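K.L.:
Attaching a single structure in structure tokens format; questions to follow.
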Amino acid sequence: MTGVFKNYINGEWIESRSPSLLDVVNPADGRILARVPEGSAEDVALAAESAHKAYLSWREVPATQRIQYLFRMKQILEKNADEISEICTRESGKTFSESKAEIVRAVENIEVACGIPKLLQSEFSEDITKGIDEFVIRQPVGVGACIAPFNFPVMITFWFMPYAIACGNAYIVKPSEKVPGTMTRIFELFEELKLPSGVLNLVHGGKETVDAILNHPEIPAISFVGSTRVAKYIYQTGVTKGKRVQAQGGAKNPVVVMGDADPETTVKIIADSAFGCAGQRCLAASIVILVGDASKTFAQRIVAAAMTKKTGNGLAKDIEMGPVITRESKDRINGLIQKSVDDGAKLLLDGRNIRVPGFEMGNFIGPTILGEVSPENEIYSTEVFGPVLCIVNTETLDEAITLINKSRYGNSACIFTRSGAAARKFRHETLAGNIGINIGIAAPMAFFPFSGWKDSFFGDLHGQSNHAVEFYTQTKVVIERWHDEWTRKF
Ligand code: NAD
């Protein structure tokens, strides 16, 4: 990776019209890997116009033929998984195996989208009255765009893009300006697909590019994933322009541990959930609520499990946790830890002064655990997006559910228990879009829709699976009559 990233528009690599460049930095050593344009409205206009033109012919290609490109897309990702993972790790900081795992999730979405000839099927009613039939057809919306966050440079685009193009739309991908190299390489590899020019486009940049996407009349559908602040902005702005928008936001995911939970598996799963990807997953456990007897033993057990996590450069062997994305993130997270200690939380494990030999300029924070965190403490309600786990104690499951339901976020909530009744109550009463029962990450599997509730999501239809198909199609209802007499003439 060197130089300045280009946009991929209408089947060609072209320089951005924006004169401003941003550094793309390796979070493990602080070195500049490449530069990315800040983006411009002109770039977006070029992409939108070529995508719109491409869509007009692409929608005429039968779905059975469109998916042939997806079968090849899957093969390309699988064949090049190591190379893509290395780039992903260099620019995002996550470990090599975490990078590879997100490619698996991306591929699963391509596989589900390959079922589009079936997924596009709709309803048909014969004889709604004598001799008249009525049915629904699904047609593409035109041009779609995905605006992606930094933390899954591969996977998140695939929650939307394969479905959108399989449905007959053309598409624009806007990766995070912090990790633009991974998607750039994927697009280079996708040239082998020989998709018709303009069907798939890549536009780099930050806010200016996003605003141009929001304002362009030829981009009627937008899928966004990122922080709540930006998700709300994208949703509100897009909707006022008459677009359909699905905007997934931030999270603060609670995990409830009941006294009867299996200690060994629970503790390992919670540590993996909280500290995997250095806590930079929208489904990461960030609050553990110990109910009743669980408060006696689980805190120390979780600390012991966290202490085994090996932090370092994600490309090195046996590393389980990489750095956080930027120096600013590291400073912000360290500040939040200090503030919560000042406010009365107990520092059970402090990862702030971790040293990774040879990587002194990296943004490393080791696993950090805060005990006896009060819901009034700022860290309790703030999305940390780093390897920090807060522990809270309650007497009953009811109290735990009440606490969870007060949160502004609702991405996921998990419970560990051997009681079917407790699990059932939890899944029924908890206000969150994804529930885990003896699971630490209620992961987005491609064959189910995925999204949170409350401030973790703005919109209606979620990402992936049949929701993605519905989002990227519009329904047309046809009512028709064929007179018998006309038929008899033939
Ligand atoms: P972010 O909101 O800073 O950026 C996301 C995208 O929005 C990027 O492409 C960026 O260029 C663009 N952007 C940033 N600021 C903007 C602005 N002011 N106006 C217009 N566009 C803007 O998010 P991030 O830091 O890249 O990612 C981390 C966040 O994403 C966390 O909050 C995390 O919880 C969330 N996330 C949510 C999910 C989910 O499924 N709900 C999944 C992954 C990440």
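Simple scheme: letters A, B, ... for chains in structure tokens order, numbers from 1 for residues in each chain, numbers from 1 for ligands in the order shown.
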For ligand 1, collect every residue having any atom at a distance of at most 7 Å from a ligand atom (counting only C-alpha atoms and all ligand atoms); output as a count of residues only.
P.N.:
36
K.L.:
Quick one: which stretch 139-169 of chain A residues come within 6 Å of stretch 36-58 of chain A, and what is the nearest atom pair for each with the distance in Å to one decimal, counting only C-alpha atoms, rows ordered by chain and ascending number, as a tab-separated table?
P.N.:
```
residue	atom	partner	partner_atom	distance
A:Val143	CA	A:His52	CA	6.0
A:Gly168	CA	A:Trp58	CA	5.8
A:Asn169	CA	A:Tyr55	CA	5.6
```
K.L.:
Take the residues that were just selected and, keeping all heavy atoms, output them as a CSV table (one decimal), in the first residue's frame.
P.N.:
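Everything below was put into again_30.csv:
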```
chain,number,residue,atom,x,y,z
A,143,VAL,N,-30.0,3.3,-7.9
A,143,VAL,CA,-28.6,3.3,-7.4
A,143,VAL,C,-28.6,3.3,-5.9
A,143,VAL,O,-29.3,4.2,-5.3
A,143,VAL,CB,-27.8,4.5,-7.9
A,143,VAL,CG1,-26.4,4.5,-7.4
A,143,VAL,CG2,-27.8,4.6,-9.4
A,168,GLY,N,-30.6,-6.0,-9.2
A,168,GLY,CA,-30.6,-5.2,-10.4
A,168,GLY,C,-30.3,-3.7,-10.2
A,168,GLY,O,-30.5,-2.9,-11.1
A,169,ASN,N,-29.8,-3.3,-9.0
A,169,ASN,CA,-29.4,-1.9,-8.8
A,169,ASN,C,-27.9,-1.8,-9.1
A,169,ASN,O,-27.2,-2.8,-9.2
A,169,ASN,CB,-29.5,-1.6,-7.3
A,169,ASN,CG,-30.9,-1.8,-6.7
A,169,ASN,OD1,-31.7,-0.9,-6.9
A,169,ASN,ND2,-31.2,-2.9,-6.1
```
K.L.:
Using only C-alpha atoms for the distances, tell me which of A:Trp482, A:Phe416, A:Phe471, A:Phe160 is nearest to A:Pro140.
P.N.:
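For A:Pro140, the nearest of the candidates is A:Phe471.
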K.L.:
DSSP on the backbone, then: every residue of stretch 1-133 of chain A marked strand (DSSP E or B), written as an MDAnalysis selection string.
P.N.:
chainID A and resid 4 7:9 12:14 21:25 32:37 124:129 132:133
K.L.:
Report the distance between atom CA of A:Arg327 and atom CA of A:Asp455 in Å, rounded to one decimal place.
P.N.:
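Between atom CA of A:Arg327 and atom CA of A:Asp455 the gap works out to 26.5 Å.
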K.L.:
Show me, as a PyMOL selection string, the residues that have an atom within 10 Å of A:Arg427 when counting only C-alpha atoms, minus same-chain residues fewer than 3 positions from it.
P.N.:
chain A and resi 401+413-415+422-424+430-432+434-437
K.L.:
Mind giving me the straight-line distance from atom CA of A:Gly433 to atom CA of A:Ser412 in Å, one decimal?
P.N.:
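Rounded to one decimal, the two atoms are 5.8 Å apart.
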K.L.:
Contacts of A:Gly312 at 8 Å or less, counting only C-alpha atoms, minus same-chain residues fewer than 2 places along, as a ChimeraX atom specification?
P.N.:
/A:28,310,314,316,319-323,356,364
K.L.:
Step one, run DSSP on the backbone; step two, keep only residues of stretch 44-221 of chain A assigned to helix (DSSP H, G or I); then write them as a PyMOL selection string.
P.N.:
chain A and resi 44-58+63-79+81-92+96-113+116-119+155-159+161-166+180-193+207-215
